[in-house]
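Asker: Take this structure, written in structure tokens, and hold onto it; I'll ask about it next.
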Amino acid sequence: MKYLFLAMLLVLLAATALTIWMSPDMQSEIPVLYWVTDPNPARGEQIALFHRWLIRNDHCDTYELNTPDDVKEFRRRRLTPPIQDAILKTQPQTRELWNREAERISLPLTVRVPKLELRVDSANRDFSKQIIQGVSGVGGDIMDMGDSDIPYFVAVGLLEDVTDAGLRLGFDPSHTWEPIGPVITVNDEQNRPRQYAFPCNVFTNTVWANRGTFRTYGQKPPPTRWSFEEFERIGKDFVRAANQGKPFPDVFFSSGTNLTEMHRSLGLSMFNETLTACTLNDPRYSKVLALMKQWVYQDRILPSQADVQSFAVAAGYGGGTLQLFNSGNYAMFRMGRYALIQLRVFNEEREKEGKPLLDLEVCEPPNGGFPNAQVGTRAACVYAGGKHKDLAVLFLAYLASREYNLQIVDDADSLPPNPKYADLEEYRHPSRFPNEWEIHQPWVDQMRIAVPLSYSPYILYRTASRLMNRQAELFMTDQISAAEAAVTTAKRIDEEIRRTLKEQPRLVPRYDQAVERQKKIDAMVKVWEEMDALRSMGKPIPRELQAKAKKIPLAMIDNVFYRVYYRKKGWAQ
């Protein structure tokens with residue numbers, strides 16, 4: 001029996017040794033870092049560009065080969081095919097070095113090798129997995145995050161502060177779009193913004209339109225900017241013409257609208273100025289809820305869930321919405337510039353079939369007085385528990401580089417993270433797609449009205465969003481009124497804030513200070529609102545009221561929406 005156990009032990013030891021030897025990390029002599037991201041086909045090209053960028057920007061080790069023995073020694077190094085390819089692409093004179101049959105190599109030869117190898121980890125691109133692995137000390141070196149997740153990961157200590165590295169390596173917030181600055185930074189306990197990410201791309205989910213679909217039904221294309229009233233009137237005219245004589249409508253004006261953009265356009269955010277309470281218990285929120293329901297069930301310009309489910313669509317990038325837009329069931333849809341990835345595929349198919357190409361136009365979301373578009377990002381962050389954080393920050397610097405940004409420009413994967421590359425001819429007029437020349441600049445123009453989401457440090461945004469959507473769903477299915485949905489949404493979110501404070505007492509001093517600041521802001525805002533109300537009624541504003549009007553210091557306002565909104569209204573300094 002003891003020989004059996006000994007044999008089993010030897011087999012296990014051999015298997016362990018084989019596993020270690022076959023491990024990808026063991027086959028590379030340079031540090032291997034993992035990028036936790038989605039399995040987009042473009043990642044392979046982006047990583048190849050990164051390896052070359054490292055060499056061209058001196059983030060590499062240099063080897064001087066002067067003798068045949070130096071060549072033999074270098075060839076013993078474990079360099080994987082992606083690293084060999086990067087060396088060859090940037091240093092073609094090394095071609096014979098990789099041919100072991102070559103008898104002669106021109107010496108001396110200088111070889112520059114990247115300081116790291118980057119690989120994709122798409123299996124762990126999940127919020128829960130990233131949390132569990134992060135707190136266990138085995139998180140990916142570089143992690144992609146939606147902007148709503150960054151504050152939470154910072155709060156639990158999983159992200160590295162890259163403020164100093166950003167300034168040193170050229171990827172600080174000044175190298176991306178202004179509205180994205182608040183998204184990639186989180187204030188510390190001294191209320192100073194600290195950087196924790198840099199964008200992989202930047203997007204505004206706004207309105208795409210097919211002018212061809214409008215022409216089919218004898219309708220004019222939509223304007224670039226429009227009010228709720230104009231959106232409704234044009235939409236009703238469109239669906240009336242498109243569905244005339246049909247027992248059930250199967251052509252809709254748009255795939256949908258966005259509640260956040262709608263209530264923001266009335267001057268209302270989810271949270272107050274200091275992010276200490278929910279403010280959706282407001283008639284303006286009830287109004288947009290009722291308006292959306294009217295558009296779906298009464299005017300029938302937007303599809304209901306039942307309508308969406310009734311369509312039989314093929315799967316594809318972007319989901320059924322894009323398929324229905326291509327087929328003409330939707331005249332418009334709401335999505336970022338990245339929709340072009342699939343729209344280009346549709347146009348290739350149309351061209352082969354002899355059909356006209358999609359005649360695309362980009363419009364702003366409808367507004368109630370304050371035009372705005374929600375902006376966000378897929379951003380790369382450095383894992384605070386990583387072994388190679390000094391190398392991981394180089395990837396964030398690469399995201400601000402020309403090489404990476406031009407790849408995003410060419411792929412149409414939203415806006416490039418560095419805005420200066422959206423000012424190039426390659427962006428505005430891509431040579432391969434002359435039919436798109438009208439639609440790229442509007443995305444840049446819409447960044448002027450772009451406002452990121454507001455994230456409270458006292459509640460996870462995913463939780464707040466879930467609570468808001470739940471009450472909106474109850475209203476849309478006739479289970480509660482719009483006013484009840486508004487009241488209950490604010491109540492549930494405020495309850496979660498109180499629960500957070502109870503579970504994390506360290507936040508209480510900061511919260512209490514913010515509440516006191518909120519009282520001062522409320523008093524100042526009340527004066528401005530009274531003046532606006534008198535002005536809208538055409539009444540004179542008393543001098544004593546004008547004397548009370550004090551501009552709100554931006555430093556007092558934590559909510560990024562109100563920082564933008566009050567500044568544009570002239571209420572803030």
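Naming scheme: A, B, ... for chains in displayed order of the structure tokens; residues 1 onward per chain; ligands 1 onward as shown.
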I need the residues in region 198-422 of chain A that are helix (DSSP H, G or I) according to DSSP; give them as number ranges by chain.

Answerer: A: 211-216, 228-242, 259-264, 283-298, 305-310, 320-327, 337-353, 389-399, 402-411, 419-422

Asker: Please identify all polymer residues within 12 Å of Arg233 (chain A), counting only C-alpha atoms, omitting same-chain residues fewer than 2 positions from it, and present them as number ranges by chain.

Answerer: A: 222, 226-231, 235-240, 253, 295, 299-301, 366

Asker: Under the rule that only C-alpha atoms are counted, which of A:Gln479, A:Gln298, A:Ser269, A:Gln513 is the nearest residue to Val564 (chain A)?

Answerer: A:Ser269

Asker: Work out how far apart CA of Tyr461 (chain A) and CA of Asp149 (chain A) are and give it in Å to one decimal.

Answerer: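 It comes out at 7.8 Å.
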
Asker: Report, in Å to a single decimal, how far apart CA of Arg350 (chain A) and CA of Ala242 (chain A) are.

Answerer: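 Going from CA of Ala242 (chain A) over to CA of Arg350 (chain A), I get 21.9 Å.
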
Asker: Counting only C-alpha atoms, figure out which residue out of A:Lys387, A:Tyr217, A:Met335, A:Glu503 gets nearest to Gln244 (chain A).

Answerer: A:Tyr217

Asker: What lies within 12 Å of Glu403 (chain A) using only C-alpha atoms, ignoring chain neighbours under 2 positions off, as a list of chain:residue names?

Answerer: A:Glu45, A:Gln46, A:Ile47, A:Ala48, A:Leu49, A:Phe50, A:His51, A:Arg52, A:Trp53, A:Leu54, A:Arg56, A:Asn57, A:Ala397, A:Tyr398, A:Leu399, A:Ala400, A:Ser401, A:Asn405, A:Leu406, A:Gln407, A:Ile408, A:Val409, A:Asp410, A:Pro416, A:Pro417, A:Asn418, A:Tyr421

Asker: The selected residues should be written to file as an mmCIF file, in the first residue's frame (atoms: C-alpha atoms).

Answerer:
```cif
data_model
loop_
_atom_site.group_PDB
_atom_site.id
_atom_site.type_symbol
_atom_site.label_atom_id
_atom_site.label_comp_id
_atom_site.auth_asym_id
_atom_site.auth_seq_id
_atom_site.Cartn_x
_atom_site.Cartn_y
_atom_site.Cartn_z
ATOM 1 C CA GLU A 45 -5.077 44.676 -31.913
ATOM 2 C CA GLN A 46 -5.111 47.067 -28.944
ATOM 3 C CA ILE A 47 -2.708 44.849 -26.998
ATOM 4 C CA ALA A 48 -0.393 44.461 -29.995
ATOM 5 C CA LEU A 49 -0.320 48.251 -30.365
ATOM 6 C CA PHE A 50 0.442 48.555 -26.639
ATOM 7 C CA HIS A 51 3.473 46.263 -26.846
ATOM 8 C CA ARG A 52 4.838 48.327 -29.741
ATOM 9 C CA TRP A 53 4.031 51.566 -27.893
ATOM 10 C CA LEU A 54 6.104 50.377 -24.931
ATOM 11 C CA ARG A 56 8.720 53.211 -29.042
ATOM 12 C CA ASN A 57 8.339 55.148 -25.786
ATOM 13 C CA ALA A 397 -0.663 56.294 -20.313
ATOM 14 C CA TYR A 398 -1.061 54.270 -23.510
ATOM 15 C CA LEU A 399 -4.836 54.980 -23.448
ATOM 16 C CA ALA A 400 -4.029 58.688 -23.844
ATOM 17 C CA SER A 401 -1.628 58.038 -26.752
ATOM 18 C CA ASN A 405 -6.879 56.835 -29.865
ATOM 19 C CA LEU A 406 -6.549 56.439 -33.629
ATOM 20 C CA GLN A 407 -7.532 52.787 -33.249
ATOM 21 C CA ILE A 408 -10.722 53.877 -31.438
ATOM 22 C CA VAL A 409 -11.344 56.506 -34.120
ATOM 23 C CA ASP A 410 -10.992 53.924 -36.886
ATOM 24 C CA PRO A 416 -11.551 58.488 -28.379
ATOM 25 C CA PRO A 417 -10.573 59.062 -24.719
ATOM 26 C CA ASN A 418 -8.281 61.965 -25.677
ATOM 27 C CA TYR A 421 -7.920 63.010 -31.688
#
```

Asker: How many Å lie between CA of Val487 (chain A) and CA of Leu453 (chain A), rounded to one decimal?

Answerer: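 One can read the CA of Val487 (chain A) to CA of Leu453 (chain A) distance as 21.0 Å.
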
Asker: Using 10 Å as the limit and counting only C-alpha atoms, can you tabulate each residue of region 95-182 of chain A that touches region 75-79 of chain A, with its shortest atom-to-atom distance in Å and the two atoms involved, as a Markdown table?

Answerer:
```
| residue | atom | partner | partner_atom | distance |
| --- | --- | --- | --- | --- |
| A:Leu97 | CA | A:Arg75 | CA | 7.9 |
| A:Trp98 | CA | A:Arg75 | CA | 7.9 |
| A:Asn99 | CA | A:Arg75 | CA | 9.9 |
| A:Arg100 | CA | A:Arg75 | CA | 8.5 |
| A:Val113 | CA | A:Leu79 | CA | 9.0 |
| A:Glu117 | CA | A:Leu79 | CA | 9.4 |
```

Asker: I'd like to know which of A:Asp69, A:Glu160, A:Glu530, A:Glu353 is closest to Leu107 (chain A), using only C-alpha atoms.

Answerer: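 Nearest candidate to Leu107 (chain A) out of A:Asp69, A:Glu160, A:Glu530, A:Glu353: A:Asp69.
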
Asker: Which one of A:Leu275, A:Met537, A:Met292, A:Ala555 sits closest to Ser454 (chain A) if you count only C-alpha atoms?

Answerer: A:Leu275

Asker: Excluding region 287-290 of chain A and residues on its chain fewer than 2 positions from it, collect all residues at most 9 Å away from it, counting only C-alpha atoms, and give them as a ChimeraX atom specification.

Answerer: /A:259,262-263,282-285,292-295,472,475-476,481-483,485-486
